[in-house]
Every structure is written in structure tokens, then in C-alpha cells.
file coords-v8.cif (mmCIF, C-alpha atoms)
data_my_file
#
loop_
_atom_site.label_atom_id
_atom_site.label_comp_id
_atom_site.auth_asym_id
_atom_site.auth_seq_id
_atom_site.Cartn_x
_atom_site.Cartn_y
_atom_site.Cartn_z
CA MET A 32 65.84 94.25 82.66
CA ARG A 33 63.69 94.66 85.77
CA LEU A 34 65.02 91.37 87.16
CA ARG A 35 68.59 92.54 86.62
CA SER A 36 67.89 95.81 88.43
CA ARG A 37 66.44 93.92 91.41
CA ALA A 38 69.48 91.63 91.48
CA LEU A 39 71.85 94.61 91.48
CA ALA A 40 69.85 96.29 94.24
CA LEU A 41 69.92 93.10 96.34
CA GLN A 42 73.67 92.75 95.78
CA GLY A 43 74.23 96.38 96.83
CA ALA A 44 72.16 95.86 99.96
CA LEU A 45 74.13 92.76 100.94
CA VAL A 46 77.45 94.52 100.36
CA GLY A 47 76.30 97.53 102.36
CA ARG A 48 75.10 95.34 105.21
CA ALA A 49 78.38 93.43 105.34
CA GLY A 50 80.38 96.66 105.31
CA LEU A 51 78.28 98.30 108.01
CA GLY A 52 78.62 95.19 110.12
CA GLU A 53 82.36 95.68 110.21
CA LEU A 54 81.83 99.32 111.16
CA GLY A 55 80.03 98.37 114.32
CA VAL A 56 76.62 99.04 112.80
CA SER A 57 73.90 96.45 113.27
CA ASN A 58 70.17 96.24 113.70
CA VAL A 59 70.62 96.48 117.46
CA ALA A 60 73.07 99.34 117.84
CA PHE A 61 74.50 102.08 115.67
CA ASP A 62 77.94 103.37 116.60
CA LEU A 63 77.65 106.79 114.98
CA ARG A 64 81.08 107.99 116.13
CA LYS A 65 82.85 104.98 114.67
CA ALA A 66 80.95 105.16 111.40
CA GLN A 67 81.66 108.89 111.03
CA LEU A 68 85.35 108.49 111.74
CA TYR A 69 85.66 105.44 109.49
CA LEU A 70 84.20 107.28 106.50
CA LEU A 71 85.93 110.58 107.30
CA ILE A 72 89.36 108.94 107.60
CA GLY A 73 88.79 107.16 104.30
CA ALA A 74 87.65 110.31 102.51
CA LEU A 75 90.45 112.51 103.89
CA LEU A 76 93.25 110.03 103.32
CA TRP A 77 92.00 109.17 99.84
CA GLY A 78 91.79 112.88 98.99
CA TYR A 79 95.40 113.31 100.11
CA LEU A 80 96.80 110.19 98.46
CA SER A 81 94.95 110.61 95.17
CA LEU A 82 95.97 114.27 94.96
CA VAL A 83 99.64 113.37 95.33
CA PHE A 84 99.86 110.74 92.64
CA MET A 85 97.52 112.58 90.25
CA GLU A 86 99.54 115.79 90.64
CA ALA A 87 102.58 114.00 89.21
CA ALA A 88 100.64 112.77 86.19
CA TYR A 89 99.05 116.17 85.56
CA ALA A 90 102.45 117.87 85.78
CA ILE A 91 103.63 115.92 82.73
CA SER A 92 100.36 116.55 80.87
CA TRP A 93 100.40 120.27 81.61
CA GLU A 94 104.00 120.67 80.49
CA ARG A 95 103.24 118.90 77.23
CA TRP A 96 100.18 121.11 76.68
CA GLU A 97 102.18 124.28 77.35
CA GLY A 98 104.98 123.09 75.08
CA THR A 99 107.67 123.16 77.79
CA ILE A 100 108.20 119.45 78.43
CA GLU A 101 111.08 119.15 75.97
CA TYR A 102 112.91 122.02 77.68
CA THR A 103 112.26 120.40 81.07
CA PHE A 104 113.77 117.11 79.92
CA MET A 105 116.79 118.93 78.43
CA ALA A 106 117.47 120.88 81.65
CA PRO A 107 120.68 119.92 83.53
CA VAL A 108 118.74 118.38 86.39
CA ARG A 109 118.77 114.74 87.37
CA ARG A 110 115.45 113.11 86.56
CA ILE A 111 115.02 111.75 90.08
CA THR A 112 115.45 115.30 91.45
CA HIS A 113 112.81 116.58 89.04
CA LEU A 114 110.34 113.83 89.94
CA PHE A 115 110.92 114.09 93.67
CA GLY A 116 110.38 117.84 93.46
CA ILE A 117 106.97 117.32 91.88
CA CYS A 118 106.01 114.70 94.47
CA LEU A 119 107.23 116.71 97.48
CA PHE A 120 105.26 119.77 96.37
CA ALA A 121 102.14 117.62 95.97
CA ILE A 122 102.71 116.05 99.41
CA GLY A 123 103.03 119.46 101.08
CA TYR A 124 99.95 120.82 99.36
CA GLY A 125 97.97 117.64 100.06
CA LEU A 126 98.84 117.66 103.76
CA ALA A 127 97.89 121.31 104.12
CA ARG A 128 94.55 120.82 102.40
CA THR A 129 93.78 117.67 104.38
CA PHE A 130 94.56 119.42 107.67
CA VAL A 131 92.21 122.30 106.85
CA VAL A 132 89.39 119.94 105.83
CA LEU A 133 89.94 117.87 108.99
CA LEU A 134 89.61 120.95 111.21
CA ILE A 135 86.38 121.97 109.48
CA ALA A 136 84.94 118.43 109.65
CA ALA A 137 85.88 118.06 113.33
CA ALA A 138 84.10 121.32 114.15
CA MET A 139 81.00 120.48 112.10
CA PHE A 140 80.51 116.91 113.31
CA GLN A 141 81.99 117.39 116.81
CA LEU A 142 84.33 114.46 116.33
CA ASP A 143 85.89 112.89 119.40
CA PHE A 144 89.57 111.91 119.09
CA SER A 145 90.09 111.39 122.82
CA HIS A 146 90.69 107.65 122.36
CA ALA A 147 92.86 108.04 119.26
CA ASP A 148 96.63 107.62 119.19
CA ILE A 149 97.62 110.60 117.04
CA PRO A 150 101.42 109.94 117.01
CA ALA A 151 100.86 106.38 115.76
CA ALA A 152 98.53 107.61 113.01
CA LEU A 153 101.09 110.23 111.95
CA ALA A 154 103.82 107.57 111.89
CA VAL A 155 101.74 105.41 109.53
CA LEU A 156 100.94 108.46 107.38
CA ALA A 157 104.65 109.32 107.13
CA ALA A 158 105.50 105.73 106.18
CA SER A 159 102.75 105.69 103.54
CA THR A 160 104.38 108.66 101.83
CA VAL A 161 107.32 106.48 100.73
CA PRO A 162 105.37 104.03 98.51
CA LEU A 163 103.11 106.91 97.52
CA ILE A 164 106.07 108.62 95.83
CA GLY A 165 106.69 105.44 93.86
CA LEU A 166 103.04 105.28 92.79
CA SER A 167 103.15 108.94 91.80
CA ILE A 168 106.14 108.42 89.52
CA LEU A 169 104.52 105.35 87.96
CA THR A 170 101.37 107.37 87.31
CA ALA A 171 103.48 110.07 85.65
CA VAL A 172 104.62 107.45 83.13
CA LEU A 173 101.15 107.12 81.63
CA PRO A 174 101.02 110.54 79.88
CA LEU A 175 104.40 109.72 78.33
CA LEU A 176 103.07 106.49 76.86
CA SER A 177 100.11 108.11 75.13
CA PRO A 178 99.63 111.88 74.59
CA GLN A 179 95.93 111.40 73.84
CA LYS A 180 94.92 108.81 76.44
CA GLY A 181 97.57 109.08 79.14
CA GLU A 182 95.56 111.43 81.34
CA GLN A 183 92.46 109.24 81.04
CA MET A 184 94.56 106.20 81.95
CA SER A 185 95.70 108.03 85.09
CA ILE A 186 92.08 108.69 86.05
CA ALA A 187 91.20 105.03 85.41
CA LEU A 188 94.07 103.93 87.67
CA GLN A 189 92.86 106.33 90.33
CA GLY A 190 89.36 104.85 90.15
CA PHE A 191 90.71 101.30 90.38
CA LEU A 192 92.74 102.13 93.48
CA LEU A 193 89.67 103.77 95.00
CA LEU A 194 87.72 100.56 94.37
CA VAL A 195 90.19 98.07 95.82
CA SER A 196 91.85 100.02 98.66
CA GLY A 197 89.00 99.91 101.19
CA VAL A 198 88.40 103.65 101.27
CA TYR A 199 84.68 103.55 102.10
CA TYR A 200 84.15 99.87 102.88
CA PRO A 201 86.18 96.86 104.07
CA LEU A 202 87.82 94.65 101.45
CA SER A 203 85.82 91.66 102.67
CA VAL A 204 82.74 92.87 100.77
CA LEU A 205 84.58 92.74 97.41
CA PRO A 206 84.95 89.71 95.09
CA LEU A 207 88.12 87.69 95.63
CA PRO A 208 90.08 89.11 92.62
CA PHE A 209 89.56 92.65 93.93
CA GLN A 210 90.52 91.57 97.44
CA LEU A 211 93.81 90.22 96.07
CA ALA A 212 94.43 93.47 94.22
CA GLY A 213 93.67 95.44 97.37
CA ALA A 214 96.06 93.30 99.39
CA ILE A 215 99.04 94.54 97.35
CA SER A 216 97.95 98.19 97.34
CA PRO A 217 99.92 100.36 99.79
CA LEU A 218 96.83 102.52 100.21
CA THR A 219 95.05 99.57 101.83
CA ASP A 220 97.71 99.19 104.51
CA ALA A 221 97.89 102.94 105.08
CA LEU A 222 94.13 103.22 105.58
CA ALA A 223 93.98 100.18 107.84
CA GLY A 224 96.86 101.39 110.01
CA ILE A 225 95.56 104.94 110.42
CA ARG A 226 92.05 103.71 111.17
CA HIS A 227 93.42 101.25 113.73
CA SER A 228 95.22 104.10 115.52
CA LEU A 229 92.40 106.64 115.38
CA LEU A 230 89.44 104.30 115.98
CA ASP A 231 90.95 101.71 118.30
CA GLY A 232 93.79 103.69 119.88
CA ALA A 233 96.54 101.38 118.61
CA GLY A 234 100.00 102.67 119.52
CA VAL A 235 103.20 102.93 117.52
CA THR A 236 104.32 99.49 118.72
CA SER A 237 101.16 97.91 117.31
CA GLU A 238 101.70 99.67 113.99
CA LEU A 239 105.32 98.60 113.48
CA GLY A 240 104.26 95.78 111.15
CA THR A 241 102.21 98.15 108.99
CA ILE A 242 105.00 100.74 108.95
CA ALA A 243 107.57 98.11 107.95
CA THR A 244 105.28 96.86 105.16
CA LEU A 245 104.78 100.36 103.77
CA LEU A 246 108.50 101.15 103.88
CA GLY A 247 109.26 97.84 102.18
CA MET A 248 106.80 98.66 99.39
CA GLY A 249 108.45 102.06 99.00
CA VAL A 250 111.91 100.52 98.73
CA VAL A 251 110.64 98.43 95.82
CA LEU A 252 108.37 100.98 94.15
CA ILE A 253 110.65 104.03 94.04
CA PRO A 254 113.64 102.49 92.19
CA ALA A 255 111.31 100.52 89.90
CA SER A 256 109.23 103.60 89.08
CA VAL A 257 112.33 105.71 88.31
CA LEU A 258 113.60 103.01 85.94
CA VAL A 259 110.21 102.73 84.22
CA PHE A 260 109.99 106.52 83.89
CA GLY A 261 113.45 106.62 82.30
CA TRP A 262 112.40 103.96 79.80
CA ALA A 263 109.16 105.84 79.00
CA GLU A 264 111.05 109.12 78.59
CA ASN A 265 113.52 107.61 76.12
CA ARG A 266 110.67 105.95 74.24
CA ALA A 267 108.72 109.23 74.03
CA LYS A 268 111.81 111.06 72.71
CA ARG A 269 112.47 108.35 70.13
CA LEU A 270 108.87 108.25 68.87
CA GLY A 271 108.24 112.00 69.03
CA LEU A 272 105.54 111.78 71.72
CA LEU A 273 106.66 114.82 73.68
CA LYS A 274 104.92 117.33 71.43
CA ARG A 275 101.38 118.41 72.23
CA SER A 276 100.03 116.92 69.01
CA GLY A 277 101.62 113.56 69.88
#
call {"tool": "encode", "arguments": {"input": "coords-v8.cif", "output": "C-alpha cells"}}
result
Amino acid sequence: MRLRSRALALQGALVGRAGLGELGVSNVAFDLRKAQLYLLIGALLWGYLSLVFMEAAYAISWERWEGTIEYTFMAPVRRITHLFGICLFAIGYGLARTFVVLLIAAAMFQLDFSHADIPAALAVLAASTVPLIGLSILTAVLPLLSPQKGEQMSIALQGFLLLVSGVYYPLSVLPLPFQLAGAISPLTDALAGIRHSLLDGAGVTSELGTIATLLGMGVVLIPASVLVFGWAENRAKRLGLLKRSG
């Protein structure tokens, strides 16, 4: 048991050292500004992105708990309008909260954004919203599949995305299977693009590849997620899974 604990501690130290090396932190010099911004960008963007796609899942769970989900599904509103409404509200609320936290963090830590390209970062953030809507709708499917475990499945998915999307560390410190999973996550590209603009001053031209990738993911994810949600809705109606008791 003691040997296993030492092995885990050694592994954690090696991962931390590799991650800090990519942050510009070494035994010789410590770039405090870069490390602060790297972690702050990851925390803020993850808070925003996770809030958006979890809000969609919780909306379904809350409506089932309150006993109104059947009336919502019977309302004369197109399902895509209903889902987009949930996602757009979450996006607006997430952006407002992130902006407030950013102002407080910038004042507390005296962050320097003089070398950052703000328009490029905002362009990547806007592009990341497109696949994020698709992820949100897919997450909303989980409570329809299981009344008892759907919410927990949403939390598990959130934790997995946090692990493989490079929020607090570069993907290079992860095992190869997790690196492959992170490579197909839109959150990975969004984080990398925004960090590139804010930390290295990359302009909109440099971010066109990232923006195109994010938009392409959104073009695939949104129609696919709407189709999957429609299938899950019909299944839940057929099996009687819309009631709170399940």
C-alpha cells in the first residue's frame, strides 16, 4: 500500500513537472504572469462551458421533478426552438457570470492583457458556442434515458470532459487514450485558441483554422444532437419515463 502511494505521488510529480514545463515554468525561471493567465483562462472558460451544457441537462431534470415535462413536450413549439431557447439562456447567463468573475480576478491579481489579442479571443469564443450547443443538447438526452441516473451521467460526462480537454494542464501529460479523446473535444480547441490569443497575442488570421474546426464540429453536432434528442423523447414517451417516478 505504501509502495503504491509513493508510485502515485511520483507519477503526479512527473505530470505536474511536464505540465509546468509547457507553461514556461522551470527550475531556472518562473513566468508567473503566464502561469496565472493559463490557469485563469482554463478555469473561466471551463466554468462557462460546463455551465451551458449542464444547464440543458438540469432543465430536463427539473421539469420532470416539477411534473411539467409532459406539458412542455405537448406544447405547440418546435423541439429545436425549445432546446435552443434553453441553450441561449444558459449562454447569456454564463457569459455574464464569466465577465464578472474575470473583472474581479483581473483586479485581485493585477493581470496584464496588454499583449493579448482580445478580438481574436472573442472570435474563438463565439465559434466555440456552436459546438457547445450541440454538446448541450446531447447532455440533455441523458435525463431522458434514465430518470434515476440521468443527472449523475451528466455529471460524469462533465468530469470526463474536464479531464481530457486540457483545462488545467496540457494534453501531453495524459495517457494516449485520453489524448485521443481530448483531440476530438471541441473544448480542447476552444481553450487552445483562446489561450493562444490571450497569452501569445495571436490574431484572428492565426485563429482561422481553430475557428473553422469549431464551426465544423458544430455543423455536425447540432443536427446529430437534435436527432438523438428526438429519438430519446419518443423512447421516453413510449416507455413512460417522463414521470418523476420513472
call {"tool": "resolve_selection", "arguments": {"input": "coords-v8.cif", "expression": "the PyMOL selection byres ((chain A and resi 89-106) around 8)", "output": "mmCIF file with C-alpha atoms, in the frame of the given file"}}
result
data_model
loop_
_atom_site.group_PDB
_atom_site.id
_atom_site.type_symbol
_atom_site.label_atom_id
_atom_site.label_comp_id
_atom_site.auth_asym_id
_atom_site.auth_seq_id
_atom_site.Cartn_x
_atom_site.Cartn_y
_atom_site.Cartn_z
ATOM 1 C CA MET A 85 97.520 112.580 90.250
ATOM 2 C CA GLU A 86 99.540 115.790 90.640
ATOM 3 C CA ALA A 87 102.580 114.000 89.210
ATOM 4 C CA ALA A 88 100.640 112.770 86.190
ATOM 5 C CA PRO A 107 120.680 119.920 83.530
ATOM 6 C CA VAL A 108 118.740 118.380 86.390
ATOM 7 C CA ARG A 110 115.450 113.110 86.560
ATOM 8 C CA ILE A 117 106.970 117.320 91.880
ATOM 9 C CA ALA A 171 103.480 110.070 85.650
ATOM 10 C CA PRO A 174 101.020 110.540 79.880
ATOM 11 C CA LEU A 175 104.400 109.720 78.330
ATOM 12 C CA PRO A 178 99.630 111.880 74.590
ATOM 13 C CA GLU A 182 95.560 111.430 81.340
ATOM 14 C CA LEU A 273 106.660 114.820 73.680
ATOM 15 C CA LYS A 274 104.920 117.330 71.430
ATOM 16 C CA ARG A 275 101.380 118.410 72.230
#
call {"tool": "resolve_selection", "arguments": {"input": "coords-v8.cif", "expression": "the PyMOL selection byres ((chain A and resi 62-78) around 10)", "output": "number ranges by chain"}}
result
A: 51, 53-57, 60-61, 79-83, 125-126, 128-130, 132-133, 136-137, 140-144, 156, 189, 192-193, 196-200, 218, 221-223, 225-227, 229-231
call {"tool": "closest_residue", "arguments": {"input": "coords-v8.cif", "among": "A:Leu258, A:Ile242, A:Ala267, A:Ile253", "to": "Leu163 (chain A)", "atoms": "only C-alpha atoms"}}
result
A:Ile253
call {"tool": "atom_distance", "arguments": {"input": "coords-v8.cif", "atom1": "CA of Ala152 (chain A)", "atom2": "CA of Val257 (chain A)"}}
result
28.4 Å
call {"tool": "residues_around", "arguments": {"input": "coords-v8.cif", "residues": "Pro254 (chain A)", "least_positions_apart": "5", "cutoff": "10 Å", "atoms": "all atoms listed in the file", "output": "list of chain:residue names"}}
result
A:Ile111, A:Gly165, A:Ile168, A:Gly249, A:Val259, A:Phe260
call {"tool": "axis_aligned_box", "arguments": {"input": "coords-v8.cif", "around": "region 76-85 of chain A", "padding_each_side": "8 Å", "output": "JSON"}}
result
{"center_x": 95.8, "center_y": 111.7, "center_z": 96.8, "size_x": 24.1, "size_y": 21.1, "size_z": 29.1}
call {"tool": "atom_distance", "arguments": {"input": "coords-v8.cif", "atom1": "CA of Gly240 (chain A)", "atom2": "CA of Ala158 (chain A)"}}
result
11.2 Å
call {"tool": "closest_residue", "arguments": {"input": "coords-v8.cif", "among": "A:Cys118, A:Pro150, A:Leu169, A:Arg109", "to": "Ser256 (chain A)", "atoms": "only C-alpha atoms"}}
result
A:Leu169
call {"tool": "atom_distance", "arguments": {"input": "coords-v8.cif", "atom1": "CA of Gly234 (chain A)", "atom2": "CA of Ala147 (chain A)"}}
result
8.9 Å
call {"tool": "residues_near_point", "arguments": {"input": "coords-v8.cif", "point": "(107.0, 99.9, 99.7)", "cutoff": "9 Å", "atoms": "only C-alpha atoms", "output": "short mmCIF file (atom, residue, chain, number, x, y, z; two decimals) with C-alpha atoms, in the coordinates of the input"}}
result
data_model
loop_
_atom_site.label_atom_id
_atom_site.label_comp_id
_atom_site.auth_asym_id
_atom_site.auth_seq_id
_atom_site.Cartn_x
_atom_site.Cartn_y
_atom_site.Cartn_z
CA ALA A 158 105.50 105.73 106.18
CA SER A 159 102.75 105.69 103.54
CA VAL A 161 107.32 106.48 100.73
CA PRO A 162 105.37 104.03 98.51
CA LEU A 163 103.11 106.91 97.52
CA GLY A 165 106.69 105.44 93.86
CA PRO A 217 99.92 100.36 99.79
CA ALA A 243 107.57 98.11 107.95
CA THR A 244 105.28 96.86 105.16
CA LEU A 245 104.78 100.36 103.77
CA LEU A 246 108.50 101.15 103.88
CA GLY A 247 109.26 97.84 102.18
CA MET A 248 106.80 98.66 99.39
CA GLY A 249 108.45 102.06 99.00
CA VAL A 250 111.91 100.52 98.73
CA VAL A 251 110.64 98.43 95.82
CA LEU A 252 108.37 100.98 94.15
CA ILE A 253 110.65 104.03 94.04
#
call {"tool": "build_atoms", "arguments": {"input": "coords-v8.cif", "residues": "region 231-242 of chain A", "atoms": "all heavy atoms", "output": "compact mmCIF listing (two decimals), in the frame of the given file"}}
result
# COMPACT_ATOMS: atom_id res chain seq x y z
N ASP A 231 90.73 102.67 117.22
CA ASP A 231 90.95 101.71 118.30
C ASP A 231 92.06 102.12 119.26
O ASP A 231 92.33 101.40 120.22
CB ASP A 231 91.27 100.33 117.72
CG ASP A 231 90.19 99.85 116.76
OD1 ASP A 231 89.00 100.09 117.05
OD2 ASP A 231 90.53 99.25 115.73
N GLY A 232 92.74 103.23 118.99
CA GLY A 232 93.79 103.69 119.88
C GLY A 232 95.06 102.87 119.84
O GLY A 232 95.82 102.84 120.81
N ALA A 233 95.33 102.19 118.71
CA ALA A 233 96.54 101.38 118.61
C ALA A 233 97.77 102.28 118.63
O ALA A 233 97.81 103.32 117.97
CB ALA A 233 96.51 100.56 117.32
N GLY A 234 98.79 101.89 119.39
CA GLY A 234 100.00 102.67 119.52
C GLY A 234 101.01 102.40 118.43
O GLY A 234 100.80 101.56 117.54
N VAL A 235 102.15 103.09 118.53
CA VAL A 235 103.20 102.93 117.52
C VAL A 235 103.71 101.50 117.49
O VAL A 235 103.99 100.95 116.42
CB VAL A 235 104.35 103.92 117.81
CG1 VAL A 235 105.49 103.71 116.81
CG2 VAL A 235 103.85 105.36 117.74
N THR A 236 103.83 100.88 118.66
CA THR A 236 104.32 99.49 118.72
C THR A 236 103.41 98.56 117.93
O THR A 236 103.90 97.66 117.21
CB THR A 236 104.41 99.03 120.18
OG1 THR A 236 105.22 99.93 120.92
CG2 THR A 236 105.01 97.64 120.24
N SER A 237 102.11 98.76 118.04
CA SER A 237 101.16 97.91 117.31
C SER A 237 101.21 98.14 115.81
O SER A 237 100.81 97.27 115.03
CB SER A 237 99.74 98.16 117.82
OG SER A 237 99.63 97.90 119.21
N GLU A 238 101.68 99.32 115.41
CA GLU A 238 101.70 99.67 113.99
C GLU A 238 103.04 99.40 113.33
O GLU A 238 103.22 99.73 112.16
CB GLU A 238 101.35 101.16 113.82
CG GLU A 238 99.98 101.55 114.31
CD GLU A 238 98.86 100.98 113.47
OE1 GLU A 238 99.15 100.28 112.48
OE2 GLU A 238 97.69 101.22 113.80
N LEU A 239 104.00 98.82 114.07
CA LEU A 239 105.32 98.60 113.48
C LEU A 239 105.26 97.68 112.26
O LEU A 239 106.00 97.88 111.29
CB LEU A 239 106.26 98.01 114.55
CG LEU A 239 106.72 98.98 115.65
CD1 LEU A 239 107.62 98.26 116.65
CD2 LEU A 239 107.42 100.18 115.05
N GLY A 240 104.40 96.67 112.30
CA GLY A 240 104.26 95.78 111.15
C GLY A 240 103.76 96.52 109.92
O GLY A 240 104.29 96.34 108.81
N THR A 241 102.74 97.37 110.11
CA THR A 241 102.21 98.15 108.99
C THR A 241 103.26 99.12 108.46
O THR A 241 103.42 99.28 107.24
CB THR A 241 100.96 98.93 109.44
OG1 THR A 241 99.97 98.00 109.89
CG2 THR A 241 100.40 99.74 108.29
N ILE A 242 103.97 99.78 109.37
CA ILE A 242 105.00 100.74 108.95
C ILE A 242 106.10 100.03 108.17
O ILE A 242 106.56 100.53 107.12
CB ILE A 242 105.57 101.47 110.18
CG1 ILE A 242 104.50 102.37 110.81
CG2 ILE A 242 106.80 102.29 109.81
CD1 ILE A 242 104.90 103.00 112.12
